[in-house]
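Undergrad: You'll find my_file_27.txt just under this line, and it carries compact mmCIF, C-alpha atoms.
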# COMPACT_ATOMS: atom_id res chain seq x y z
CA MET J 165 44.52 7.82 23.25
CA LYS J 166 45.86 4.52 21.91
CA ILE J 167 47.61 4.68 18.52
CA LEU J 168 48.47 1.72 16.26
CA VAL J 169 51.63 2.34 14.20
CA MET J 170 52.37 0.30 11.06
CA SER J 171 54.64 0.58 8.03
CA THR J 172 53.59 0.50 4.39
CA THR J 173 54.82 -2.71 2.83
CA GLY J 174 54.62 -4.60 -0.41
CA HIS J 175 52.75 -7.33 1.49
CA PRO J 176 49.86 -5.52 3.19
CA GLU J 177 48.07 -8.62 4.51
CA ALA J 178 49.88 -8.53 7.87
CA ASN J 179 48.86 -4.91 8.48
CA LEU J 180 45.22 -5.55 7.61
CA GLU J 181 44.92 -8.81 9.53
CA SER J 182 46.48 -7.31 12.67
CA ALA J 183 44.28 -4.20 12.44
CA ARG J 184 41.21 -6.43 12.15
CA HIS J 185 42.43 -8.41 15.17
CA PHE J 186 42.59 -5.29 17.35
CA MET J 187 39.20 -4.08 16.14
CA ASN J 188 37.59 -7.43 16.95
CA HIS J 189 39.12 -7.64 20.42
CA ASN J 190 37.90 -4.25 21.62
CA SER J 191 41.43 -2.93 21.94
CA MET J 192 40.09 0.64 21.77
CA ILE J 193 42.45 1.81 19.04
CA ASP J 194 41.76 5.54 18.59
CA LYS J 195 44.01 6.20 15.59
CA ILE J 196 46.25 4.42 13.08
CA MET J 197 49.50 5.96 11.89
CA ILE J 198 51.04 4.69 8.65
CA LEU J 199 54.79 5.09 8.36
CA SER J 200 55.43 5.55 4.64
CA SER J 201 58.53 5.74 2.48
CA ALA J 202 58.64 7.78 -0.72
CA ALA J 203 59.00 4.59 -2.77
CA MET J 204 55.85 3.03 -1.29
CA LYS J 205 53.97 6.27 -1.87
CA GLN J 206 55.10 6.54 -5.50
CA GLN J 207 54.03 2.93 -6.13
CA GLY J 208 50.59 3.72 -4.74
CA LYS J 209 50.88 1.17 -1.93
CA THR J 210 50.45 3.70 0.85
CA GLU J 211 47.18 4.89 -0.65
CA LEU J 212 46.02 1.28 -1.16
CA LEU J 213 46.77 0.46 2.48
CA GLN J 214 44.90 3.55 3.62
CA GLN J 215 41.87 2.66 1.47
CA SER J 216 41.91 -0.95 2.67
CA LEU J 217 42.08 0.10 6.32
CA GLU J 218 39.17 2.47 5.80
CA GLN J 219 37.10 -0.48 4.60
CA ILE J 220 37.62 -2.54 7.77
CA CYS J 221 37.66 0.14 10.48
CA ASN J 222 36.15 3.54 11.07
CA ILE J 223 38.90 5.42 12.92
CA PRO J 224 41.19 8.33 11.95
CA LEU J 225 44.26 7.58 9.84
CA GLU J 226 47.49 9.56 9.69
CA ILE J 227 50.46 9.19 7.33
CA LEU J 228 53.99 10.00 8.48
CA ASP J 229 56.34 10.39 5.52
CA ILE J 230 59.97 9.28 5.74
CA PRO J 231 62.27 11.79 3.96
CA ASP J 232 65.52 11.30 2.07
CA GLN J 233 65.38 7.48 1.83
CA TRP J 234 66.20 7.10 5.50
CA GLU J 235 64.40 3.75 5.47
CA GLU J 236 67.38 2.27 3.60
CA SER J 237 70.36 4.07 5.14
CA ASN J 238 69.71 6.06 8.34
CA MET J 239 68.21 4.21 11.27
CA LEU J 240 69.11 6.92 13.80
CA ALA J 241 67.35 9.57 11.76
CA LEU J 242 64.27 7.33 11.60
CA GLN J 243 64.42 6.80 15.34
CA ASN J 244 64.68 10.53 16.06
CA MET J 245 61.80 11.24 13.68
CA LEU J 246 59.61 8.75 15.56
CA LEU J 247 60.58 10.22 18.91
CA GLU J 248 59.79 13.74 17.73
CA TRP J 249 56.42 12.57 16.38
CA ILE J 250 55.54 10.84 19.64
CA ASN J 251 56.54 13.92 21.64
CA THR J 252 53.88 15.91 19.79
CA HIS J 253 51.32 13.76 21.61
CA SER J 254 50.13 13.86 25.18
CA SER J 255 52.19 11.99 27.77
CA GLN J 256 49.05 9.94 28.46
CA ASP J 257 48.92 8.57 24.92
CA ARG J 258 50.01 4.97 24.36
CA PHE J 259 51.44 3.41 21.19
CA ILE J 260 51.42 -0.04 19.62
CA PHE J 261 54.13 -0.67 17.03
CA ASN J 262 53.69 -3.31 14.32
CA VAL J 263 57.26 -4.13 13.24
CA THR J 264 56.15 -6.67 10.60
CA GLY J 265 56.27 -4.44 7.52
CA GLY J 266 58.65 -1.93 6.02
CA THR J 267 62.42 -2.23 5.60
CA LYS J 268 64.69 -3.83 8.20
CA LEU J 269 65.84 -0.38 9.33
CA MET J 270 62.23 0.70 9.85
CA SER J 271 61.59 -2.33 12.05
CA ILE J 272 64.80 -1.72 14.01
CA ALA J 273 63.96 1.96 14.46
CA LEU J 274 60.50 1.08 15.79
CA ASP J 275 62.00 -1.46 18.17
CA ARG J 276 64.68 0.91 19.49
CA THR J 277 62.16 3.72 19.92
CA SER J 278 59.97 1.45 22.01
CA GLN J 279 62.93 0.50 24.20
CA LEU J 280 63.86 4.14 24.75
CA LEU J 281 60.31 5.06 25.79
CA GLY J 282 59.61 1.92 27.82
CA LEU J 283 56.77 -0.60 27.94
CA ASN J 284 54.49 1.77 29.80
CA ARG J 285 54.41 4.00 26.72
CA VAL J 286 55.05 1.68 23.75
CA GLU J 287 54.62 -2.01 23.02
CA CYS J 288 55.86 -3.87 19.94
CA PHE J 289 54.46 -6.91 18.15
CA TYR J 290 54.96 -8.73 14.90
CA GLN J 291 52.64 -11.01 12.96
CA SER J 292 54.13 -14.47 12.62
CA ARG J 293 53.94 -16.59 9.49
CA ASP J 294 51.41 -18.85 11.20
CA HIS J 295 49.09 -15.86 11.74
CA LYS J 296 49.64 -14.98 15.36
CA ILE J 297 50.13 -11.64 17.08
CA VAL J 298 53.41 -11.95 19.00
CA TRP J 299 54.17 -9.37 21.73
CA TYR J 300 57.88 -10.08 21.86
CA GLN J 301 58.80 -7.60 24.63
CA ARG J 302 56.33 -8.77 27.25
CA LYS J 303 57.64 -10.72 30.24
CA THR J 304 54.36 -12.51 30.98
CA ASP J 305 53.15 -15.75 29.42
CA GLN J 306 50.36 -13.90 27.59
CA ARG J 307 52.45 -12.94 24.59
CA ILE J 308 51.03 -14.88 21.63
CA TYR J 309 47.47 -14.58 20.32
CA PRO J 310 46.04 -16.39 17.26
CA ILE J 311 44.29 -14.28 14.64
CA HIS J 312 40.83 -15.82 14.25
CA SER J 313 39.10 -13.33 11.95
CA HIS J 314 40.45 -12.87 8.45
CA LEU J 315 39.80 -10.69 5.44
CA ASP J 316 37.28 -11.72 2.81
CA LEU J 317 38.26 -12.21 -0.83
CA GLN J 318 37.40 -8.68 -1.93
CA GLN J 319 39.28 -7.06 0.96
CA ARG J 320 42.26 -9.30 0.34
CA VAL J 321 42.69 -8.37 -3.32
CA ASN J 322 41.68 -4.72 -2.79
CA SER J 323 44.81 -4.17 -0.75
CA ARG J 324 46.82 -4.98 -3.88
CA GLY J 325 44.85 -2.76 -6.23
CA TYR J 326 42.58 -5.45 -7.68
CA GLN J 327 38.81 -5.60 -7.91
CA ILE J 328 36.74 -8.75 -8.11
CA LYS J 329 34.47 -8.08 -11.08
CA ASP J 330 32.60 -11.35 -11.05
CA LEU J 331 32.39 -14.59 -9.08
CA GLN J 332 30.01 -17.40 -8.27
CA ALA J 333 29.67 -18.30 -4.61
CA ILE J 334 29.79 -22.05 -4.13
CA THR J 335 26.47 -21.85 -2.31
CA ASP J 336 24.90 -20.40 -5.47
CA VAL J 337 25.85 -23.36 -7.66
CA SER J 338 22.69 -25.02 -8.99
CA LEU J 339 21.87 -28.55 -7.95
CA VAL J 340 21.67 -29.69 -11.57
CA GLU J 341 25.25 -28.50 -12.20
CA LEU J 342 26.52 -30.35 -9.16
CA LYS J 343 24.63 -33.52 -10.14
CA TYR J 344 26.08 -33.38 -13.66
CA ALA J 345 29.63 -33.14 -12.27
CA GLN J 346 29.00 -35.96 -9.80
CA ASN J 347 27.54 -38.08 -12.59
CA LEU J 348 30.82 -37.86 -14.51
CA ILE J 349 32.84 -38.60 -11.37
CA GLU J 350 30.68 -41.68 -10.71
CA LYS J 351 31.41 -42.93 -14.23
CA MET J 352 35.12 -42.71 -13.45
CA HIS J 353 34.58 -44.50 -10.13
CA VAL J 354 33.08 -47.43 -12.05
CA ASP J 355 35.82 -47.50 -14.70
CA PHE J 356 38.28 -44.64 -14.53
CA HIS J 357 39.69 -44.86 -18.05
CA LYS J 358 36.33 -45.35 -19.77
CA GLY J 359 34.77 -42.62 -17.65
CA ARG J 360 37.59 -40.22 -18.42
CA GLN J 361 37.37 -41.07 -22.09
CA PHE J 362 33.68 -40.12 -22.01
CA CYS J 363 34.50 -36.80 -20.27
CA SER J 364 37.05 -36.09 -22.99
CA LEU J 365 34.48 -36.88 -25.67
CA MET J 366 32.03 -34.36 -24.22
CA ASN J 367 34.87 -31.84 -23.91
CA LYS J 368 35.80 -32.41 -27.54
CA LEU J 369 32.22 -31.97 -28.76
CA ALA J 370 31.76 -28.75 -26.76
CA THR J 371 35.08 -27.43 -28.09
CA LEU J 372 34.06 -28.28 -31.65
CA SER J 373 30.78 -26.43 -31.18
CA ASP J 374 32.69 -23.44 -29.86
CA GLN J 375 35.12 -23.46 -32.78
CA GLN J 376 32.26 -23.63 -35.28
CA ASP J 377 30.40 -20.91 -33.38
CA CYS J 378 27.28 -23.03 -33.56
CA LEU J 379 25.32 -24.57 -30.71
CA SER J 380 24.37 -27.61 -32.78
CA ILE J 381 26.70 -30.35 -34.07
CA GLN J 382 25.29 -32.79 -36.60
CA ARG J 383 26.31 -36.23 -37.86
CA ILE J 384 28.72 -36.93 -35.01
CA THR J 385 30.79 -39.99 -35.86
CA ILE J 386 30.72 -42.12 -32.70
CA PRO J 387 29.77 -45.74 -31.85
CA LEU J 388 26.24 -46.51 -30.72
CA VAL J 389 27.40 -47.23 -27.16
CA GLN J 390 28.80 -43.70 -26.78
CA ALA J 391 25.73 -42.21 -28.45
CA GLU J 392 23.53 -43.97 -25.92
CA GLU J 393 25.72 -42.66 -23.08
CA ILE J 394 25.35 -39.08 -24.32
CA TYR J 395 21.59 -39.51 -24.67
CA ALA J 396 21.35 -40.97 -21.15
CA LEU J 397 23.37 -38.06 -19.75
CA ALA J 398 21.08 -35.53 -21.43
CA GLU J 399 17.97 -37.30 -20.16
CA ALA J 400 19.34 -37.69 -16.63
CA HIS J 401 19.46 -33.90 -16.36
CA GLN J 402 16.21 -33.28 -18.26
CA GLU J 403 18.13 -31.80 -21.18
CA HIS J 404 19.18 -28.88 -19.00
CA PHE J 405 22.55 -28.53 -20.77
CA PHE J 406 21.97 -30.14 -24.17
CA GLN J 407 19.72 -32.34 -26.27
CA PHE J 408 20.92 -35.35 -28.21
CA ASP J 409 19.21 -37.14 -31.08
CA ILE J 410 20.64 -40.63 -31.46
CA ALA J 411 19.27 -41.26 -34.95
CA SER J 412 20.88 -38.21 -36.55
CA ARG J 413 23.78 -38.07 -34.05
CA THR J 414 22.94 -34.41 -33.43
CA LEU J 415 23.92 -32.67 -30.21
CA THR J 416 22.43 -29.24 -29.46
CA PHE J 417 23.58 -27.16 -26.51
CA LYS J 418 21.00 -25.08 -24.66
CA ASP J 419 23.22 -21.96 -24.78
CA LYS J 420 26.86 -20.88 -24.65
CA MET J 421 27.02 -21.07 -20.86
CA SER J 422 25.84 -24.67 -20.96
CA ARG J 423 28.45 -25.44 -23.60
CA ASP J 424 31.22 -23.88 -21.46
CA PHE J 425 30.04 -25.91 -18.50
CA VAL J 426 30.21 -29.17 -20.47
CA LYS J 427 33.59 -28.19 -21.91
CA GLY J 428 35.22 -28.04 -18.49
CA GLY J 429 33.20 -25.89 -16.14
CA TRP J 430 31.82 -29.04 -14.50
CA LEU J 431 35.26 -29.75 -12.99
CA GLU J 432 35.37 -26.24 -11.48
CA VAL J 433 32.00 -26.88 -9.84
CA TYR J 434 33.12 -30.28 -8.59
CA ALA J 435 36.47 -29.00 -7.27
CA GLY J 436 34.81 -26.02 -5.63
CA TYR J 437 32.29 -28.24 -3.89
CA GLU J 438 35.03 -30.66 -2.77
CA CYS J 439 36.98 -27.69 -1.34
CA TYR J 440 33.83 -26.64 0.48
CA LYS J 441 33.47 -30.13 1.98
CA ALA J 442 37.12 -30.06 3.08
CA LEU J 443 36.63 -26.67 4.76
CA ILE J 444 33.55 -27.91 6.60
CA SER J 445 35.51 -30.96 7.76
CA ALA J 446 38.15 -28.60 9.13
CA ASP J 447 35.44 -26.82 11.18
CA HIS J 448 35.88 -23.69 9.13
CA GLN J 449 33.36 -21.34 7.56
CA ALA J 450 34.81 -19.24 4.76
CA GLU J 451 33.94 -17.46 1.59
CA LEU J 452 34.59 -19.78 -1.34
CA ALA J 453 34.00 -18.80 -4.94
CA ILE J 454 34.43 -20.26 -8.41
CA ASN J 455 34.80 -18.54 -11.78
CA VAL J 456 36.44 -15.52 -10.19
CA THR J 457 37.32 -12.59 -12.47
CA LEU J 458 39.80 -10.05 -11.08
CA GLN J 459 40.87 -6.82 -12.70
CA LYS J 460 43.68 -4.30 -12.25
CA ASN J 461 44.37 -1.42 -14.63
CA ASN J 462 41.76 -2.84 -17.04
CA THR J 463 43.69 -6.13 -17.22
CA PRO J 464 41.55 -9.15 -16.28
CA ASN J 465 42.70 -12.28 -14.47
CA GLU J 466 40.61 -15.41 -13.98
CA MET J 467 40.77 -18.06 -11.30
CA ASP J 468 38.68 -21.23 -11.18
CA VAL J 469 38.47 -21.60 -7.39
CA MET J 470 39.42 -19.14 -4.63
CA PHE J 471 38.98 -19.17 -0.85
CA ILE J 472 40.73 -18.14 2.36
CA TYR J 473 41.73 -20.56 5.11
CA GLN J 474 43.96 -19.76 8.11
CA ALA J 475 44.69 -16.38 6.44
CA TYR J 476 46.14 -18.15 3.39
CA LEU J 477 44.62 -17.29 0.03
CA TYR J 478 44.02 -20.49 -1.94
CA CYS J 479 43.95 -20.34 -5.75
CA ILE J 480 43.10 -23.45 -7.78
CA GLU J 481 43.08 -24.03 -11.52
CA CYS J 482 40.98 -26.91 -12.92
CA LYS J 483 41.82 -28.57 -16.23
CA THR J 484 40.08 -31.35 -18.15
CA ALA J 485 42.09 -31.18 -21.38
CA LYS J 486 44.38 -34.00 -22.53
CA THR J 487 46.99 -31.35 -23.32
CA MET J 488 47.76 -31.14 -19.58
CA ALA J 489 49.62 -34.40 -20.15
CA ALA J 490 51.83 -32.59 -22.65
CA GLU J 491 53.58 -29.22 -22.82
CA ASN J 492 50.49 -27.08 -22.16
CA ALA J 493 50.70 -27.71 -18.43
CA LYS J 494 53.62 -25.29 -18.20
CA ASP J 495 51.33 -22.36 -19.08
CA VAL J 496 48.98 -23.23 -16.20
CA LEU J 497 51.92 -23.59 -13.81
CA TYR J 498 53.39 -20.30 -14.98
CA LYS J 499 50.07 -18.54 -14.39
CA LEU J 500 49.89 -19.87 -10.83
CA SER J 501 53.55 -19.03 -10.19
CA ALA J 502 52.92 -15.40 -11.17
CA LEU J 503 50.03 -14.81 -8.75
CA ASN J 504 51.98 -13.03 -5.98
CA ASP J 505 50.80 -9.72 -7.39
CA PHE J 506 47.31 -10.19 -5.96
CA GLY J 507 47.83 -13.11 -3.59
CA GLY J 508 50.89 -12.14 -1.60
CA LEU J 509 53.15 -14.36 0.44
CA ASN J 510 50.33 -16.09 2.29
CA GLN J 511 49.05 -17.83 -0.80
CA LYS J 512 48.64 -21.50 -1.67
CA ARG J 513 48.21 -22.75 -5.22
CA ALA J 514 47.05 -25.98 -6.80
CA VAL J 515 46.08 -27.63 -10.07
CA VAL J 516 43.24 -30.15 -10.36
CA SER J 517 43.79 -32.08 -13.59
CA LEU J 518 41.85 -34.90 -15.21
CA TYR J 519 45.10 -36.04 -16.85
CA SER J 520 48.49 -36.58 -15.28
CA LEU J 521 51.30 -34.10 -15.87
CA LYS J 522 54.68 -35.06 -17.28
CA GLU J 523 57.43 -35.64 -14.72
CA TYR J 524 59.27 -32.47 -15.66
CA ASN J 525 56.10 -30.42 -15.15
CA LEU J 526 55.49 -32.11 -11.80
CA THR J 527 59.04 -31.15 -10.83
CA ARG J 528 58.32 -27.61 -11.98
CA ALA J 529 55.20 -27.59 -9.80
CA VAL J 530 57.12 -28.82 -6.74
CA ASN J 531 59.79 -26.15 -7.23
CA ALA J 532 57.07 -23.47 -7.47
CA ASP J 533 55.24 -24.84 -4.39
CA ILE J 534 52.18 -25.72 -6.46
CA GLN J 535 50.15 -28.72 -5.33
CA VAL J 536 48.93 -31.05 -8.08
CA PHE J 537 45.85 -33.27 -7.77
CA GLN J 538 45.63 -35.46 -10.86
CA GLU J 539 43.94 -38.47 -12.39
CA HIS J 540 42.56 -40.89 -9.73
CA GLU J 541 43.12 -38.30 -6.97
CA ILE J 542 40.14 -36.30 -8.17
CA LEU J 543 37.82 -39.19 -7.33
CA ASN J 544 38.29 -38.56 -3.60
CA LEU J 545 39.40 -34.97 -3.96
CA SER J 546 37.96 -33.66 -0.68
CA GLN J 547 40.18 -36.03 1.32
CA HIS J 548 43.31 -34.89 -0.50
CA LEU J 549 42.26 -31.26 -0.11
CA GLN J 550 41.64 -31.73 3.61
CA GLN J 551 45.17 -33.11 4.08
CA TRP J 552 46.52 -30.16 2.11
CA LEU J 553 44.64 -27.68 4.30
CA LEU J 554 45.77 -29.35 7.51
CA SER J 555 49.40 -29.17 6.39
CA HIS J 556 49.08 -25.36 6.49
CA ARG J 557 47.07 -25.15 9.68
CA SER J 558 48.49 -22.94 12.43
CA GLU J 559 49.85 -24.77 15.44
Render the structure in this file as structure tokens.
TA:
Amino acid sequence: MKILVMSTTGHPEANLESARHFMNHNSMIDKIMILSSAAMKQQGKTELLQQSLEQICNIPLEILDIPDQWEESNMLALQNMLLEWINTHSSQDRFIFNVTGGTKLMSIALDRTSQLLGLNRVECFYQSRDHKIVWYQRKTDQRIYPIHSHLDLQQRVNSRGYQIKDLQAITDVSLVELKYAQNLIEKMHVDFHKGRQFCSLMNKLATLSDQQDCLSIQRITIPLVQAEEIYALAEAHQEHFFQFDIASRTLTFKDKMSRDFVKGGWLEVYAGYECYKALISADHQAELAINVTLQKNNTPNEMDVMFIYQAYLYCIECKTAKTMAAENAKDVLYKLSALNDFGGLNQKRAVVSLYSLKEYNLTRAVNADIQVFQEHEILNLSQHLQQWLLSHRSE
């Protein structure tokens, strides 16, 4: 029998990714043992790890509880407990220790136990930050193996107690939505400031409709040139999102979803599609979703764009409002900074903004390791995204 041993940790991604690696490489793991402290059990993280493992593999699971807070103060007691547990097994059984998770003393105890029993009985590995399985005790050159298969979005957030309640796969985005977004981007390619001004006008009208709780806005005070632009935009998409009567300056949205799309959803579609293009350029196929709603303990969280690349979870917020150029940007940055609860350490965050952020907010973003794509950068967004992805790519 071959048994994989791992420790419950506040960052479960390493355990799940390594378990998936062994399953995919026919390593013939017969059982997984979870070494759990009382604190991890009380926080529900041991149960979450167990449930997440059950979703990706169909093999027996065992939990070995650490008593008396040994994980913080008594390495020798931990070591002896491991030895006693192993001695309850047949001498033919072999063990694989993942020393990535748990406290430092837990990792040391696993390492010392493996040394006492020898490589014929126990081997140790850790998962590196660049997503490799590293067998650090082996004397051969075959010690480091890249992890090629990663968790999907639902599995990733499940391990932290979240559920994805709703999302839109990028491949399900309608062609008319994509064309609308590209139409606005083309306007900014021709004249960035005029094109952006038009985007802001449409945003303003959709926001006004929302505030009035009415799909129709009448007697809009705008110059004839802008009225003709709105009419042309409606006609170009066969009035899929809204109708516009030039004579009465009346704009009527098809429904609330269309209004939300015009108000800013178009940038989410555009950014999601540009991310998809960047992933394809990086020779990578991955689940990518927009309009993602996550929930934990009946508390919802929303993310505009989410995907996984090189085992990193990418979370992107898209903003079209002028207020991003003022103080409101700090709220978006704070939201992204607080995402470790469902994203973990291997998470990358970005803001795609139609307007530039103030210098102090850009500094805040840099300090929080949040990438910002703003103003003219959105016109060739896929190129900037590709460079961002490559900067995180495993060697």
Undergrad: Measuring between all atoms listed in the file, which one of J:Ile250, J:Thr173, J:Asn465, J:Val426 shows the shortest distance to Gly208 of chain J?
TA: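 For Gly208 of chain J, the nearest of the candidates is J:Thr173.
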Undergrad: When you look at Val469 of chain J with a cut-off of 8 Å (counting all atoms listed in the file), what residues show up, excluding the ones that are within fewer than 3 positions of it in the same chain? I need them as a PyMOL selection string.
TA: chain J and resi 432+435-436+452-456+478-481
Undergrad: Name all residues at most 12 Å from Asp495 of chain J (count all atoms listed in the file; drop same-chain ones fewer than 2 positions away) and give them as a ChimeraX atom specification.
TA: /J:481,483,487-488,490-493,497-502,515,525,528-529
Undergrad: One decimal, in Å: what's the spacing between atom CA of Lys441 of chain J and atom CA of Phe425 of chain J?
TA: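 It comes out at 21.2 Å.
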Undergrad: Measuring atom to atom with all atoms listed in the file, identify which of J:Phe506, J:Tyr519, J:Tyr395, J:Tyr440 is nearest to Phe408 of chain J.
TA: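 With all atoms listed in the file as the atom set, the closest residue is J:Tyr395.
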Undergrad: Could you work out how far atom CA of Thr264 of chain J lies from atom CA of Arg302 of chain J, giving the answer in Å with one decimal?
TA: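 So the answer is 16.8 Å.
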Undergrad: Work out how far atom CA of Asp232 of chain J is from atom CA of Leu269 of chain J, in Å to one decimal.
TA: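 So the two atoms, atom CA of Leu269 of chain J and atom CA of Asp232 of chain J, lie 13.8 Å apart.
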Undergrad: Just want the 12 Å neighbourhood of Lys209 of chain J, counted on all atoms listed in the file, with same-chain residues fewer than 5 positions away dropped. Output as a ChimeraX atom specification.
TA: /J:171-176,198-204,214-216,266,322-325
Undergrad: Out of J:Asp194, J:Glu523, J:Asp294, J:Asp275, which residue has the shortest atom-to-atom distance to Ile223 of chain J when counting all atoms listed in the file?
TA: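 Residue with the minimum atom-to-atom distance to Ile223 of chain J: J:Asp194.
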Undergrad: Taking all listed atoms of segment 401-414 of chain J, build the axis-aligned box, pad each of the six sides by 3 Å, then write its centre and edge lengths in Å to one decimal as lines of an AutoDock Vina configuration file.
TA:
center_x = 20.0
center_y = -34.9
center_z = -26.5
size_x = 13.6
size_y = 18.7
size_z = 26.2
Undergrad: Could you give me, as an NGL selection string, the residues within 8 Å of segment 343-345 of chain J, counting all atoms listed in the file and dropping anything in the same chain fewer than 4 positions from it?
TA: :J and (339 or 349 or 401 or 430-431 or 433-434)
Undergrad: For Ala183 of chain J, list every protein, DNA or RNA residue within 9 Å, evaluated using all atoms listed in the file, and leave out those in the same chain fewer than 5 positions away; present the list as a compact mmCIF listing (two decimals) with C-alpha atoms, in the frame of the given file.
TA:
# COMPACT_ATOMS: atom_id res chain seq x y z
CA LEU J 168 48.47 1.72 16.26
CA ALA J 178 49.88 -8.53 7.87
CA ASN J 188 37.59 -7.43 16.95
CA ILE J 196 46.25 4.42 13.08
CA LEU J 217 42.08 0.10 6.32
CA ILE J 220 37.62 -2.54 7.77
CA CYS J 221 37.66 0.14 10.48
Undergrad: When you count only C-alpha atoms, which of these residues is closest to Lys166 of chain J: J:Ile472, J:Leu246, J:Leu317, J:Met192?
TA: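 Result for the nearest residue to Lys166 of chain J: J:Met192.
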Undergrad: Because some atoms of segment 423-443 of chain J are absent here, can you restore N, CA and C atoms and send them as a short mmCIF file (atom, residue, chain, number, x, y, z; two decimals), in the frame of the given file?
TA:
data_model
loop_
_atom_site.label_atom_id
_atom_site.label_comp_id
_atom_site.auth_asym_id
_atom_site.auth_seq_id
_atom_site.Cartn_x
_atom_site.Cartn_y
_atom_site.Cartn_z
N ARG J 423 27.34 -24.86 -22.85
CA ARG J 423 28.45 -25.44 -23.60
C ARG J 423 29.76 -25.28 -22.83
N ASP J 424 30.00 -24.11 -22.26
CA ASP J 424 31.22 -23.88 -21.46
C ASP J 424 31.26 -24.81 -20.25
N PHE J 425 30.09 -25.03 -19.66
CA PHE J 425 30.04 -25.91 -18.50
C PHE J 425 30.43 -27.33 -18.89
N VAL J 426 29.90 -27.82 -20.00
CA VAL J 426 30.21 -29.17 -20.47
C VAL J 426 31.67 -29.27 -20.88
N LYS J 427 32.21 -28.19 -21.42
CA LYS J 427 33.59 -28.19 -21.91
C LYS J 427 34.62 -28.29 -20.79
N GLY J 428 34.25 -27.97 -19.59
CA GLY J 428 35.22 -28.04 -18.49
C GLY J 428 34.76 -27.38 -17.23
N GLY J 429 33.70 -26.57 -17.33
CA GLY J 429 33.20 -25.89 -16.14
C GLY J 429 32.71 -26.84 -15.06
N TRP J 430 32.30 -28.06 -15.48
CA TRP J 430 31.82 -29.04 -14.50
C TRP J 430 32.91 -29.39 -13.49
N LEU J 431 34.18 -29.40 -13.91
CA LEU J 431 35.26 -29.75 -12.99
C LEU J 431 35.48 -28.62 -11.98
N GLU J 432 35.26 -27.37 -12.41
CA GLU J 432 35.37 -26.24 -11.48
C GLU J 432 34.30 -26.35 -10.39
N VAL J 433 33.08 -26.70 -10.81
CA VAL J 433 32.00 -26.88 -9.84
C VAL J 433 32.33 -28.01 -8.87
N TYR J 434 32.79 -29.12 -9.42
CA TYR J 434 33.12 -30.28 -8.59
C TYR J 434 34.26 -29.94 -7.63
N ALA J 435 35.34 -29.34 -8.13
CA ALA J 435 36.47 -29.00 -7.27
C ALA J 435 36.08 -27.99 -6.21
N GLY J 436 35.27 -27.00 -6.60
CA GLY J 436 34.81 -26.02 -5.63
C GLY J 436 34.00 -26.65 -4.52
N TYR J 437 33.11 -27.57 -4.89
CA TYR J 437 32.29 -28.24 -3.89
C TYR J 437 33.15 -29.15 -3.00
N GLU J 438 34.14 -29.82 -3.57
CA GLU J 438 35.03 -30.66 -2.77
C GLU J 438 35.87 -29.81 -1.81
N CYS J 439 36.28 -28.62 -2.24
CA CYS J 439 36.98 -27.69 -1.34
C CYS J 439 36.06 -27.28 -0.19
N TYR J 440 34.81 -27.03 -0.53
CA TYR J 440 33.83 -26.64 0.48
C TYR J 440 33.65 -27.75 1.51
N LYS J 441 33.58 -28.99 1.07
CA LYS J 441 33.47 -30.13 1.98
C LYS J 441 34.71 -30.23 2.87
N ALA J 442 35.88 -30.00 2.29
CA ALA J 442 37.12 -30.06 3.08
C ALA J 442 37.15 -28.98 4.14
N LEU J 443 36.67 -27.77 3.80
CA LEU J 443 36.63 -26.67 4.76
C LEU J 443 35.66 -26.99 5.90
#
